[in-house]
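Listing of structure-v7.cif, mmCIF, C-alpha atoms
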data_coords
#
loop_
_atom_site.label_atom_id
_atom_site.label_comp_id
_atom_site.auth_asym_id
_atom_site.auth_seq_id
_atom_site.Cartn_x
_atom_site.Cartn_y
_atom_site.Cartn_z
CA MET A 39 113.15 124.78 121.63
CA SER A 40 112.45 121.55 123.48
CA PHE A 41 113.81 118.06 122.91
CA LEU A 42 110.34 116.74 121.93
CA PHE A 43 109.76 119.51 119.40
CA ASP A 44 113.28 119.28 117.95
CA THR A 45 113.24 115.49 117.75
CA PHE A 46 109.68 114.76 116.63
CA ALA A 47 107.50 117.74 115.68
CA TYR A 48 109.96 119.85 113.68
CA PRO A 49 111.38 116.92 111.67
CA LEU A 50 107.84 115.84 110.74
CA LEU A 51 106.90 119.39 109.68
CA TYR A 52 110.17 119.67 107.76
CA ILE A 53 109.71 116.44 105.74
CA LEU A 54 105.94 116.85 105.25
CA PRO A 55 106.21 118.49 101.79
CA ALA A 56 108.10 115.42 100.53
CA TYR A 57 105.63 113.01 102.15
CA ILE A 58 102.66 114.78 100.58
CA ALA A 59 104.41 115.00 97.20
CA ASN A 60 105.25 111.30 97.30
CA GLY A 61 101.66 110.30 98.08
CA ALA A 62 99.91 112.69 95.68
CA PRO A 63 100.09 110.48 92.55
CA VAL A 64 98.20 107.70 94.34
CA ILE A 65 95.25 110.04 94.82
CA PHE A 66 95.61 112.15 91.66
CA LYS A 67 96.28 109.42 89.14
CA GLY A 68 96.65 110.30 85.53
CA LYS A 69 96.44 108.44 82.28
CA LYS A 70 99.06 110.18 80.13
CA PRO A 71 102.48 108.62 80.81
CA LEU A 72 105.22 111.12 81.55
CA ASP A 73 107.56 109.33 79.14
CA MET A 74 104.91 109.41 76.37
CA GLY A 75 105.57 105.72 75.74
CA LYS A 76 109.16 106.37 74.67
CA LYS A 77 111.83 103.74 75.17
CA ILE A 78 115.54 103.51 75.64
CA GLY A 79 116.48 100.35 73.83
CA LYS A 80 113.59 97.95 74.36
CA ARG A 81 112.50 99.33 77.74
CA ARG A 82 110.24 102.22 78.66
CA ILE A 83 111.92 105.22 80.24
CA PHE A 84 109.61 105.35 83.30
CA GLY A 85 106.54 103.25 82.48
CA ASP A 86 102.78 103.84 82.58
CA ASN A 87 102.63 104.45 86.35
CA LYS A 88 104.53 107.76 86.12
CA THR A 89 102.04 110.20 84.68
CA VAL A 90 101.98 113.87 83.79
CA ARG A 91 99.09 114.50 86.20
CA GLY A 92 100.69 112.54 89.05
CA THR A 93 103.95 114.42 88.63
CA LEU A 94 102.17 117.78 88.51
CA PHE A 95 100.28 116.99 91.70
CA MET A 96 103.51 115.98 93.41
CA MET A 97 104.74 119.55 93.01
CA ILE A 98 101.36 121.06 93.87
CA GLY A 99 101.16 118.97 97.05
CA ALA A 100 104.62 120.09 98.18
CA LEU A 101 103.76 123.73 97.42
CA VAL A 102 100.50 123.62 99.37
CA VAL A 103 102.31 122.27 102.43
CA GLY A 104 105.02 124.88 102.01
CA MET A 105 102.43 127.65 101.86
CA LEU A 106 100.70 126.33 104.99
CA GLU A 107 103.99 126.11 106.89
CA TYR A 108 105.35 129.43 105.61
CA PRO A 109 103.65 131.63 108.25
CA ILE A 110 105.30 129.56 111.00
CA PHE A 111 108.63 128.87 109.31
CA GLY A 112 109.37 131.63 106.81
CA TYR A 113 111.81 129.45 104.87
CA MET A 114 109.49 126.48 104.30
CA LEU A 115 108.09 127.64 100.97
CA GLU A 116 111.56 127.48 99.42
CA VAL A 117 112.30 124.20 101.21
CA ALA A 118 109.00 122.76 99.96
CA VAL A 119 109.77 123.71 96.34
CA LEU A 120 113.14 121.99 96.52
CA MET A 121 111.72 118.99 98.36
CA GLY A 122 108.96 118.66 95.77
CA ALA A 123 111.51 118.72 92.95
CA GLY A 124 113.76 116.27 94.82
CA THR A 125 110.84 113.93 95.48
CA ILE A 126 109.96 113.91 91.78
CA ILE A 127 113.57 113.29 90.71
CA GLY A 128 114.04 110.53 93.30
CA ASP A 129 110.79 108.83 92.29
CA LEU A 130 111.54 109.04 88.57
CA LEU A 131 115.11 107.84 89.07
CA GLY A 132 113.76 104.82 90.95
CA SER A 133 111.38 104.03 88.09
CA PHE A 134 114.12 104.53 85.52
CA ILE A 135 116.42 102.11 87.38
CA LYS A 136 113.60 99.59 87.79
CA ARG A 137 112.91 99.67 84.04
CA ARG A 138 116.63 99.18 83.28
CA MET A 139 116.68 96.19 85.65
CA ASN A 140 113.57 94.80 83.90
CA PHE A 141 111.33 95.07 86.99
CA LYS A 142 107.68 94.72 86.11
CA PRO A 143 105.56 97.84 86.80
CA GLY A 144 104.38 97.89 90.40
CA ARG A 145 107.00 95.41 91.57
CA SER A 146 108.65 96.34 94.85
CA PHE A 147 112.27 97.50 94.90
CA PRO A 148 113.19 97.52 98.60
CA ILE A 149 115.10 100.53 99.89
CA MET A 150 114.72 102.45 96.61
CA ASP A 151 110.91 102.51 96.89
CA GLN A 152 110.97 103.54 100.55
CA TYR A 153 113.85 105.99 100.56
CA GLY A 154 114.60 107.19 97.01
CA PHE A 155 112.16 110.11 97.18
CA PHE A 156 113.26 110.91 100.74
CA LEU A 157 116.97 110.97 99.93
CA PHE A 158 116.54 113.28 96.94
CA ALA A 159 114.11 115.56 98.79
CA MET A 160 116.66 115.97 101.58
CA LEU A 161 119.56 116.46 99.13
CA PHE A 162 117.69 119.12 97.18
CA ALA A 163 116.67 121.03 100.34
CA TYR A 164 120.05 120.68 102.06
CA PRO A 165 121.60 123.86 100.59
CA LEU A 166 118.92 125.98 102.28
CA GLY A 167 119.81 124.63 105.72
CA HIS A 168 117.21 124.38 108.48
CA LEU A 169 117.68 120.60 108.70
CA PRO A 170 116.51 118.80 111.81
CA ASP A 171 119.22 117.82 114.27
CA ILE A 172 120.70 114.30 114.23
CA TYR A 173 117.96 112.89 116.48
CA GLY A 174 115.31 114.45 114.26
CA LEU A 175 116.96 113.02 111.16
CA LEU A 176 117.06 109.56 112.72
CA PHE A 177 113.39 109.94 113.64
CA ILE A 178 112.32 110.81 110.09
CA VAL A 179 114.42 108.01 108.59
CA ALA A 180 112.61 105.53 110.86
CA LEU A 181 109.26 107.23 110.31
CA THR A 182 109.69 107.16 106.53
CA GLY A 183 110.15 103.40 106.54
CA ALA A 184 107.12 102.85 108.77
CA MET A 185 104.95 105.38 106.94
CA HIS A 186 105.80 103.87 103.57
CA LEU A 187 104.59 100.48 104.74
CA LEU A 188 101.44 101.75 106.47
CA THR A 189 100.34 104.22 103.79
CA ASN A 190 100.82 101.68 101.01
CA ILE A 191 98.79 99.06 102.84
CA GLY A 192 96.12 101.69 103.50
CA ALA A 193 96.06 102.76 99.85
CA TYR A 194 95.77 99.11 98.81
CA LEU A 195 92.88 98.48 101.21
CA LEU A 196 91.15 101.61 99.90
CA LYS A 197 91.68 100.29 96.36
CA LEU A 198 93.83 103.29 95.42
CA LYS A 199 96.72 100.95 94.58
CA ASN A 200 96.81 97.49 93.01
CA VAL A 201 99.60 96.25 95.27
CA PRO A 202 100.23 96.73 99.02
CA TRP A 203 103.80 98.06 98.61
#

Would you write the structure of this file as structure tokens?
Amino acid sequence: MSFLFDTFAYPLLYILPAYIANGAPVIFKGKKPLDMGKKIGKRRIFGDNKTVRGTLFMMIGALVVGMLEYPIFGYMLEVAVLMGAGTIIGDLLGSFIKRRMNFKPGRSFPIMDQYGFFLFAMLFAYPLGHLPDIYGLLFIVALTGAMHLLTNIGAYLLKLKNVPW
């Protein structure tokens, strides 16, 4: 292929299931907490912001992207399933750690908030191969940081989130 496709277009298409999965709970909020209010010690497992509906729509969002990309890249449905699962695990792990560290719900946890979902999505999809090249990976690492900032500010301005991070 070409340098522009390999460096910019393919990496974006590759990571898109994780991006959509990560953003889905903001749009498809739920009320029923995933942890059902359970605690470990005196702290909630995940908190009220991690819901059954939000988690379900994370997987649905990744699957929809995978199905749309499948006719072009025959392996993307499997990649999307693994990225969706990785995104969920990364997001929940971040919440779990925040609760253990006594972070208040909604409080920012730099690096973990921006890259936790991304790291686990990539780790889960890694065994299938098809990763972008090093320049593409660097591009999506930079893009993920920028997109996290911009989409959260946008969601805040649209009153989809209570905080701009």

> Do you know which residues the PyMOL selection byres ((chain A and resi 93-96) around 12) returns on this file, as JSON, numbers by chain?
Replying inline: {"A": [55, 56, 57, 58, 59, 60, 61, 62, 63, 64, 65, 66, 67, 68, 69, 70, 71, 72, 73, 84, 87, 88, 89, 90, 91, 92, 97, 98, 99, 100, 101, 102, 103, 118, 119, 120, 121, 122, 123, 124, 125, 126, 127, 128, 129, 130, 155, 159]}

Next, write the just-selected residues to a file, as a tab-separated table (two decimals), in the frame of the given file, keeping C-alpha atoms as the atom set.
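The result, written out as out.tsv:
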chain	number	residue	atom	x	y	z
A	55	PRO	CA	106.21	118.49	101.79
A	56	ALA	CA	108.10	115.42	100.53
A	57	TYR	CA	105.63	113.01	102.15
A	58	ILE	CA	102.66	114.78	100.58
A	59	ALA	CA	104.41	115.00	97.20
A	60	ASN	CA	105.25	111.30	97.30
A	61	GLY	CA	101.66	110.30	98.08
A	62	ALA	CA	99.91	112.69	95.68
A	63	PRO	CA	100.09	110.48	92.55
A	64	VAL	CA	98.20	107.70	94.34
A	65	ILE	CA	95.25	110.04	94.82
A	66	PHE	CA	95.61	112.15	91.66
A	67	LYS	CA	96.28	109.42	89.14
A	68	GLY	CA	96.65	110.30	85.53
A	69	LYS	CA	96.44	108.44	82.28
A	70	LYS	CA	99.06	110.18	80.13
A	71	PRO	CA	102.48	108.62	80.81
A	72	LEU	CA	105.22	111.12	81.55
A	73	ASP	CA	107.56	109.33	79.14
A	84	PHE	CA	109.61	105.35	83.30
A	87	ASN	CA	102.63	104.45	86.35
A	88	LYS	CA	104.53	107.76	86.12
A	89	THR	CA	102.04	110.20	84.68
A	90	VAL	CA	101.98	113.87	83.79
A	91	ARG	CA	99.09	114.50	86.20
A	92	GLY	CA	100.69	112.54	89.05
A	97	MET	CA	104.74	119.55	93.01
A	98	ILE	CA	101.36	121.06	93.87
A	99	GLY	CA	101.16	118.97	97.05
A	100	ALA	CA	104.62	120.09	98.18
A	101	LEU	CA	103.76	123.73	97.42
A	102	VAL	CA	100.50	123.62	99.37
A	103	VAL	CA	102.31	122.27	102.43
A	118	ALA	CA	109.00	122.76	99.96
A	119	VAL	CA	109.77	123.71	96.34
A	120	LEU	CA	113.14	121.99	96.52
A	121	MET	CA	111.72	118.99	98.36
A	122	GLY	CA	108.96	118.66	95.77
A	123	ALA	CA	111.51	118.72	92.95
A	124	GLY	CA	113.76	116.27	94.82
A	125	THR	CA	110.84	113.93	95.48
A	126	ILE	CA	109.96	113.91	91.78
A	127	ILE	CA	113.57	113.29	90.71
A	128	GLY	CA	114.04	110.53	93.30
A	129	ASP	CA	110.79	108.83	92.29
A	130	LEU	CA	111.54	109.04	88.57
A	155	PHE	CA	112.16	110.11	97.18
A	159	ALA	CA	114.11	115.56	98.79

For the file shown, what are the residues hit by the PyMOL selection byres ((chain A and resi 183) around 12), laid out as an mmCIF file with C-alpha atoms, keeping the file's coordinate frame?
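Resulting contents of result_17.cif:
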data_model
loop_
_atom_site.group_PDB
_atom_site.id
_atom_site.type_symbol
_atom_site.label_atom_id
_atom_site.label_comp_id
_atom_site.auth_asym_id
_atom_site.auth_seq_id
_atom_site.Cartn_x
_atom_site.Cartn_y
_atom_site.Cartn_z
ATOM 1 C CA TYR A 57 105.630 113.010 102.150
ATOM 2 C CA PRO A 148 113.190 97.520 98.600
ATOM 3 C CA ILE A 149 115.100 100.530 99.890
ATOM 4 C CA MET A 150 114.720 102.450 96.610
ATOM 5 C CA ASP A 151 110.910 102.510 96.890
ATOM 6 C CA GLN A 152 110.970 103.540 100.550
ATOM 7 C CA TYR A 153 113.850 105.990 100.560
ATOM 8 C CA GLY A 154 114.600 107.190 97.010
ATOM 9 C CA PHE A 155 112.160 110.110 97.180
ATOM 10 C CA PHE A 156 113.260 110.910 100.740
ATOM 11 C CA LEU A 176 117.060 109.560 112.720
ATOM 12 C CA PHE A 177 113.390 109.940 113.640
ATOM 13 C CA ILE A 178 112.320 110.810 110.090
ATOM 14 C CA VAL A 179 114.420 108.010 108.590
ATOM 15 C CA ALA A 180 112.610 105.530 110.860
ATOM 16 C CA LEU A 181 109.260 107.230 110.310
ATOM 17 C CA THR A 182 109.690 107.160 106.530
ATOM 18 C CA ALA A 184 107.120 102.850 108.770
ATOM 19 C CA MET A 185 104.950 105.380 106.940
ATOM 20 C CA HIS A 186 105.800 103.870 103.570
ATOM 21 C CA LEU A 187 104.590 100.480 104.740
ATOM 22 C CA LEU A 188 101.440 101.750 106.470
ATOM 23 C CA THR A 189 100.340 104.220 103.790
ATOM 24 C CA ASN A 190 100.820 101.680 101.010
ATOM 25 C CA TRP A 203 103.800 98.060 98.610
#

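Here, the PyMOL selection byres ((chain A and resi 142) around 12) matches Arg81, Arg82, Phe84, Gly85, Asp86, Asn87, Ser133, Phe134, Ile135, Lys136, Arg137, Arg138, Met139, Asn140, Phe141, Pro143, Gly144, Arg145, Ser146 and Phe147 of chain A.
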
> Which neighbours of Gly167 in chain A fall inside 12 Å, counting all atoms listed in the file, when residues of the same chain fewer than 6 positions from it are skipped, and could you give them as a PyMOL selection string?
Replying inline: chain A and resi 52+113-114+116-117+120+160-161

Only C-alpha atoms, please: the residues just picked out, written as a PDB file, in the frame of the given file.
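Dumped everything to part.pdb:
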ATOM      1  CA  TYR A  52     110.170 119.670 107.760  1.00  0.00           C
ATOM      2  CA  TYR A 113     111.810 129.450 104.870  1.00  0.00           C
ATOM      3  CA  MET A 114     109.490 126.480 104.300  1.00  0.00           C
ATOM      4  CA  GLU A 116     111.560 127.480  99.420  1.00  0.00           C
ATOM      5  CA  VAL A 117     112.300 124.200 101.210  1.00  0.00           C
ATOM      6  CA  LEU A 120     113.140 121.990  96.520  1.00  0.00           C
ATOM      7  CA  MET A 160     116.660 115.970 101.580  1.00  0.00           C
ATOM      8  CA  LEU A 161     119.560 116.460  99.130  1.00  0.00           C
TER       9      LEU A 161
END

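Minimum distance to Gly104 in chain A across A:Leu131, A:Ile53, A:Leu166, A:Ile83 (counting only C-alpha atoms) occurs at A:Ile53.
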
Using only the atoms of range 80-99 of chain A listed in the file, plus 6 Å on each side, state the axis-aligned box centre and edge lengths in Å rounded to one decimal, as AutoDock Vina command-line options.
--center_x 106.3 --center_y 109.5 --center_z 85.7 --size_x 26.5 --size_y 35.1 --size_z 34.7
